[in-house]
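*Asks:* File data.cif below, mmCIF, C-alpha atoms:
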data_model
loop_
_atom_site.label_atom_id
_atom_site.label_comp_id
_atom_site.auth_asym_id
_atom_site.auth_seq_id
_atom_site.Cartn_x
_atom_site.Cartn_y
_atom_site.Cartn_z
CA MET A 23 0.00 0.00 0.00
CA PRO A 24 2.44 2.78 0.94
CA ARG A 25 4.86 4.27 -1.58
CA PHE A 26 8.34 4.20 -0.14
CA ASP A 27 10.94 6.62 -1.49
CA ALA A 28 14.29 5.72 -3.06
CA ALA A 29 15.70 5.08 0.44
CA GLY A 30 12.78 2.76 1.25
CA LEU A 31 11.16 5.26 3.62
CA LEU A 32 7.99 7.24 4.08
CA THR A 33 7.33 10.12 6.45
CA ALA A 34 5.21 9.53 9.53
CA VAL A 35 3.51 12.24 11.56
CA ALA A 36 2.26 11.39 15.04
CA ILE A 37 -0.83 13.25 16.29
CA ASP A 38 -2.25 12.92 19.80
CA VAL A 39 -5.72 11.48 19.22
CA ASN A 40 -7.05 13.19 22.37
CA SER A 41 -5.51 16.66 22.26
CA GLY A 42 -5.09 16.76 18.48
CA ARG A 43 -1.54 18.04 18.97
CA LEU A 44 1.24 17.30 16.54
CA LEU A 45 3.74 15.30 18.58
CA MET A 46 6.61 14.26 16.34
CA LEU A 47 7.76 13.42 12.85
CA ALA A 48 9.81 10.38 11.92
CA HIS A 49 10.40 7.88 9.13
CA MET A 50 9.17 4.37 8.53
CA ASN A 51 10.46 1.60 6.32
CA ARG A 52 8.40 -1.46 5.39
CA GLU A 53 9.40 -3.28 8.57
CA ALA A 54 8.42 -0.30 10.75
CA VAL A 55 4.98 -0.20 9.12
CA ASP A 56 4.53 -3.95 9.58
CA LYS A 57 5.64 -3.89 13.23
CA THR A 58 3.39 -0.93 13.97
CA VAL A 59 0.35 -2.67 12.49
CA GLU A 60 1.25 -5.97 14.18
CA THR A 61 1.92 -4.61 17.69
CA GLY A 62 -0.23 -1.48 17.82
CA PHE A 63 2.77 0.57 18.96
CA ALA A 64 4.61 3.08 16.77
CA HIS A 65 7.86 1.79 15.27
CA PHE A 66 10.15 3.92 13.12
CA PHE A 67 13.35 3.59 11.16
CA SER A 68 16.19 5.72 12.48
CA ARG A 69 18.15 7.18 9.59
CA SER A 70 21.02 8.23 11.88
CA ARG A 71 21.30 4.87 13.64
CA GLY A 72 20.30 2.85 10.56
CA ARG A 73 17.93 0.59 12.47
CA LEU A 74 14.33 -0.08 13.42
CA TRP A 75 13.23 1.23 16.79
CA MET A 76 10.07 1.26 18.81
CA LYS A 77 9.28 4.74 20.08
CA GLY A 78 9.67 4.53 23.86
CA GLU A 79 11.74 1.35 23.83
CA SER A 80 14.16 2.89 26.33
CA SER A 81 12.12 5.76 27.86
CA GLY A 82 8.84 3.87 28.18
CA HIS A 83 7.11 6.75 26.39
CA VAL A 84 5.47 4.55 23.79
CA LEU A 85 2.83 5.67 21.31
CA LYS A 86 -0.26 3.44 21.19
CA VAL A 87 -1.59 3.68 17.65
CA ARG A 88 -5.36 4.11 17.40
CA GLU A 89 -5.60 4.82 13.69
CA ILE A 90 -3.34 5.07 10.66
CA ARG A 91 -4.25 7.54 7.93
CA VAL A 92 -2.59 7.76 4.53
CA ASP A 93 -2.15 10.83 2.35
CA CYS A 94 -3.28 11.29 -1.26
CA ASP A 95 -0.03 10.14 -2.85
CA GLN A 96 0.58 7.45 -0.22
CA ASP A 97 4.09 8.54 0.73
CA ALA A 98 3.15 9.89 4.16
CA VAL A 99 1.15 8.49 7.06
CA GLU A 100 -0.63 10.06 10.02
CA LEU A 101 -0.41 7.98 13.17
CA ARG A 102 -3.24 8.92 15.52
CA VAL A 103 -1.84 7.91 18.87
CA GLU A 104 -2.21 7.84 22.62
CA PRO A 105 1.16 8.81 24.08
CA ALA A 106 2.32 7.16 27.32
CA GLY A 107 4.39 10.22 28.22
CA PRO A 108 6.23 13.12 26.62
CA ALA A 109 6.82 12.43 22.92
CA CYS A 110 10.05 14.41 22.71
CA HIS A 111 13.42 13.17 23.94
CA THR A 112 13.75 16.59 25.64
CA LEU A 113 10.70 15.53 27.75
CA ALA A 114 8.50 18.16 26.13
CA THR A 115 4.98 16.94 25.33
CA SER A 116 5.64 17.56 21.64
CA CYS A 117 8.86 17.88 19.64
CA PHE A 118 7.34 21.08 18.23
CA TYR A 119 7.70 23.05 21.48
CA ARG A 120 9.08 26.27 20.05
CA LYS A 121 7.65 28.86 17.71
CA LEU A 122 9.27 31.42 15.49
CA GLY A 123 8.80 34.80 17.14
CA ALA A 124 8.28 38.13 15.40
CA ASP A 125 11.96 38.96 15.93
CA GLY A 126 13.04 35.73 14.21
CA ARG A 127 14.00 34.05 17.48
CA LEU A 128 12.59 30.76 18.74
CA GLU A 129 10.29 31.04 21.74
CA ARG A 130 9.20 28.21 23.99
CA ILE A 131 5.47 27.36 23.84
CA GLU A 132 3.50 26.47 26.97
CA ASP A 133 2.94 22.73 27.28
CA MET B 12 17.69 28.67 12.08
CA PRO B 13 16.36 25.53 10.32
CA ARG B 14 18.61 22.57 9.52
CA PHE B 15 18.20 21.67 5.88
CA ASP B 16 19.06 18.13 4.75
CA ALA B 17 21.62 17.17 2.08
CA ALA B 18 19.09 18.16 -0.62
CA GLY B 19 18.59 21.58 1.03
CA LEU B 20 15.12 20.68 2.30
CA LEU B 21 13.17 20.32 5.49
CA THR B 22 9.79 18.72 6.06
CA ALA B 23 6.78 20.93 6.66
CA VAL B 24 3.50 19.80 8.19
CA ALA B 25 0.44 22.02 7.80
CA ILE B 26 -2.13 21.95 10.63
CA ASP B 27 -5.47 23.79 10.51
CA VAL B 28 -5.23 26.25 13.39
CA ASN B 29 -9.00 26.16 13.93
CA SER B 30 -9.90 22.46 13.57
CA GLY B 31 -6.47 21.15 14.60
CA ARG B 32 -6.56 18.78 11.63
CA LEU B 33 -3.44 17.65 9.83
CA LEU B 34 -3.89 19.01 6.31
CA MET B 35 -0.80 18.17 4.28
CA LEU B 36 2.91 17.46 4.30
CA ALA B 37 5.41 19.06 1.94
CA HIS B 38 9.01 20.22 1.73
CA MET B 39 10.63 23.63 2.04
CA ASN B 40 13.98 24.92 0.92
CA ARG B 41 15.51 28.14 2.24
CA GLU B 42 13.65 30.24 -0.33
CA ALA B 43 10.31 28.64 0.59
CA VAL B 44 10.89 29.44 4.27
CA ASP B 45 11.86 33.03 3.45
CA LYS B 46 8.85 33.57 1.15
CA THR B 47 6.49 32.06 3.72
CA VAL B 48 7.77 34.37 6.47
CA GLU B 49 7.78 37.38 4.12
CA THR B 50 4.28 36.91 2.63
CA GLY B 51 2.43 35.04 5.39
CA PHE B 52 1.32 32.39 2.88
CA ALA B 53 2.74 28.85 2.74
CA HIS B 54 5.34 28.30 0.05
CA PHE B 55 6.96 24.93 -0.62
CA PHE B 56 9.60 23.41 -2.85
CA SER B 57 8.25 20.81 -5.25
CA ARG B 58 10.72 17.95 -5.54
CA SER B 59 8.96 16.56 -8.62
CA ARG B 60 8.80 19.89 -10.45
CA GLY B 61 12.06 21.18 -9.01
CA ARG B 62 10.71 24.61 -8.22
CA LEU B 63 9.27 26.89 -5.56
CA TRP B 64 5.48 27.10 -5.44
CA MET B 65 2.92 28.91 -3.36
CA LYS B 66 0.25 26.51 -2.14
CA GLY B 67 -2.95 27.61 -3.92
CA GLU B 68 -1.16 29.59 -6.64
CA SER B 69 -3.42 27.99 -9.27
CA SER B 70 -6.38 26.69 -7.20
CA GLY B 71 -6.71 29.72 -4.92
CA HIS B 72 -6.64 27.37 -1.94
CA VAL B 73 -3.89 29.21 -0.15
CA LEU B 74 -2.76 28.56 3.40
CA LYS B 75 -2.51 31.68 5.57
CA VAL B 76 0.23 31.01 8.10
CA ARG B 77 -0.62 32.06 11.67
CA GLU B 78 2.35 30.47 13.42
CA ILE B 79 5.48 28.52 12.59
CA ARG B 80 6.72 25.94 15.08
CA VAL B 81 10.04 24.14 14.91
CA ASP B 82 10.90 20.67 16.18
CA CYS B 83 13.64 19.69 18.60
CA ASP B 84 16.28 18.98 15.97
CA GLN B 85 15.16 21.83 13.72
CA ASP B 86 14.71 19.78 10.57
CA ALA B 87 10.91 19.93 10.52
CA VAL B 88 8.40 22.75 10.87
CA GLU B 89 4.74 22.90 11.82
CA LEU B 90 2.81 25.52 9.89
CA ARG B 91 -0.33 26.47 11.81
CA VAL B 92 -2.57 27.75 9.07
CA GLU B 93 -5.99 29.01 8.03
CA PRO B 94 -6.84 27.24 4.77
CA ALA B 95 -8.79 29.15 2.10
CA GLY B 96 -10.30 25.91 0.80
CA PRO B 97 -9.58 22.21 0.57
CA ALA B 98 -5.89 21.54 1.19
CA CYS B 99 -5.71 18.48 -1.04
CA HIS B 100 -5.50 18.59 -4.84
CA THR B 101 -8.29 15.94 -4.78
CA LEU B 102 -10.46 18.65 -3.14
CA ALA B 103 -10.58 16.76 0.14
CA THR B 104 -10.23 18.98 3.22
CA SER B 105 -7.04 17.13 4.14
CA CYS B 106 -4.62 15.04 2.10
CA PHE B 107 -5.00 12.45 4.87
CA TYR B 108 -8.57 11.50 3.91
CA ARG B 109 -8.22 7.72 4.12
CA LYS B 110 -7.50 5.37 6.97
CA LEU B 111 -6.14 1.87 7.04
CA GLY B 112 -9.04 -0.46 7.80
CA ALA B 113 -8.91 -3.67 9.84
CA ASP B 114 -8.84 -5.69 6.61
CA GLY B 115 -5.79 -3.75 5.36
CA ARG B 116 -7.80 -1.72 2.85
CA LEU B 117 -7.98 2.06 2.72
CA GLU B 118 -11.31 3.56 3.76
CA ARG B 119 -12.47 7.10 3.12
CA ILE B 120 -12.89 9.26 6.26
CA GLU B 121 -15.77 11.72 6.63
CA ASP B 122 -14.71 15.29 5.97
#
Show how you would write the structure in this file as structure tokens.

*Replies:*
Amino acid sequence: MPRFDAAGLLTAVAIDVNSGRLLMLAHMNREAVDKTVETGFAHFFSRSRGRLWMKGESSGHVLKVREIRVDCDQDAVELRVEPAGPACHTLATSCFYRKLGADGRLERIED
Amino acid sequence: MPRFDAAGLLTAVAIDVNSGRLLMLAHMNREAVDKTVETGFAHFFSRSRGRLWMKGESSGHVLKVREIRVDCDQDAVELRVEPAGPACHTLATSCFYRKLGADGRLERIED
């Protein structure tokens, strides 16, 4: 079903199914998609580490996947999830915890 | 500020600031970021066409950008937008208009 790019990846966006908040963005290869469907927990492919990982495998902050949506050209997926803790490795609720201010600086957003 | 990848791109996710819905995913190069900040309307870089484009330049379905958020490693941005019409070229509200059903088939979601 999904269309993987030349590197065998597609982009995955995780959205909190309760708050609606964008939590994080990562990449999935075929195995990550299969594992996610099979286990119900979000798995990704780390481009820097070159391996499959389950989100929260060390922190415990897993993402329980409630629904998987697919975009029009099938090269991106929306994971609608219930997070078991902060999604970001910085312990922020979302990786998108800063906004671009009027002066061009990044400002922290309230959690 | 942003960290562009080897191709000079970062990933951009557009979220409807009113409904909270994930609308679309696209890519931005430096020029697209600059034009978006300068004009207040979402600009992207089309990898297939190899050029800058303003979302809605032909359809009129522009995305007015209310806020730009940046993720922890600064290689992805969240555009919080007010859409002037359907975000998808299929005229669906969102490009993510299908979900993966229990039988592995894609099912249309209500708009």

*Asks:* Hey, list the chain B side of the contact with chain A: 8 Å cut-off, all atoms listed in the file, answer as an mmCIF file with C-alpha atoms, in the coordinates of the input.

*Replies:*
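Heads up, here's the output in out.cif:
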data_model
loop_
_atom_site.group_PDB
_atom_site.id
_atom_site.type_symbol
_atom_site.label_atom_id
_atom_site.label_comp_id
_atom_site.auth_asym_id
_atom_site.auth_seq_id
_atom_site.Cartn_x
_atom_site.Cartn_y
_atom_site.Cartn_z
ATOM 1 C CA GLY B 31 -6.470 21.150 14.600
ATOM 2 C CA ARG B 32 -6.560 18.780 11.630
ATOM 3 C CA MET B 35 -0.800 18.170 4.280
ATOM 4 C CA LEU B 36 2.910 17.460 4.300
ATOM 5 C CA GLU B 78 2.350 30.470 13.420
ATOM 6 C CA ILE B 79 5.480 28.520 12.590
ATOM 7 C CA ARG B 80 6.720 25.940 15.080
ATOM 8 C CA VAL B 81 10.040 24.140 14.910
ATOM 9 C CA ASP B 82 10.900 20.670 16.180
ATOM 10 C CA CYS B 83 13.640 19.690 18.600
ATOM 11 C CA ALA B 87 10.910 19.930 10.520
ATOM 12 C CA VAL B 88 8.400 22.750 10.870
ATOM 13 C CA GLU B 89 4.740 22.900 11.820
ATOM 14 C CA CYS B 99 -5.710 18.480 -1.040
ATOM 15 C CA THR B 101 -8.290 15.940 -4.780
ATOM 16 C CA CYS B 106 -4.620 15.040 2.100
ATOM 17 C CA PHE B 107 -5.000 12.450 4.870
ATOM 18 C CA TYR B 108 -8.570 11.500 3.910
ATOM 19 C CA ARG B 109 -8.220 7.720 4.120
ATOM 20 C CA LYS B 110 -7.500 5.370 6.970
ATOM 21 C CA LEU B 111 -6.140 1.870 7.040
#

*Asks:* I'd like to see the residues matched by the PyMOL selection byres ((chain A and resi 74) around 10) on this file, and ideally I'd get them as a ChimeraX atom specification.

*Replies:* /A:49-51,53-54,57,65-69,71-73,75-77

*Asks:* Just give me the gap between CA of Pro105 (chain A) and CA of Asp114 (chain B) in Å, one decimal is fine.

*Replies:*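 So the two atoms, CA of Pro105 (chain A) and CA of Asp114 (chain B), lie 24.8 Å apart.
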
*Asks:* Could you state which residues are captured by the PyMOL selection byres ((chain A and resi 107) around 8) in this file, as a tab-separated table (two decimals) with C-alpha atoms, in the frame of the given file?

*Replies:*
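So the final result, stored in part-v2.tsv, reads:
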chain	number	residue	atom	x	y	z
A	82	GLY	CA	8.84	3.87	28.18
A	83	HIS	CA	7.11	6.75	26.39
A	84	VAL	CA	5.47	4.55	23.79
A	105	PRO	CA	1.16	8.81	24.08
A	106	ALA	CA	2.32	7.16	27.32
A	108	PRO	CA	6.23	13.12	26.62
A	109	ALA	CA	6.82	12.43	22.92
A	115	THR	CA	4.98	16.94	25.33

*Asks:* Would you translate the PyMOL selection byres ((chain B and resi 77) around 7) into the concrete set of residues it matches in this file, as a CSV table (one decimal) with C-alpha atoms, keeping the file's coordinate frame?

*Replies:*
chain,number,residue,atom,x,y,z
B,75,LYS,CA,-2.5,31.7,5.6
B,76,VAL,CA,0.2,31.0,8.1
B,78,GLU,CA,2.4,30.5,13.4
B,91,ARG,CA,-0.3,26.5,11.8
B,92,VAL,CA,-2.6,27.8,9.1

*Asks:* State, in Å with one decimal place, the distance from CA of Leu113 (chain A) to CA of Gly78 (chain A).

*Replies:*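 Separation of CA of Leu113 (chain A) and CA of Gly78 (chain A): 11.7 Å.
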
*Asks:* Just give me the gap between CA of Thr61 (chain A) and CA of Val39 (chain A) in Å, one decimal is fine.

*Replies:*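 It comes out at 17.9 Å.
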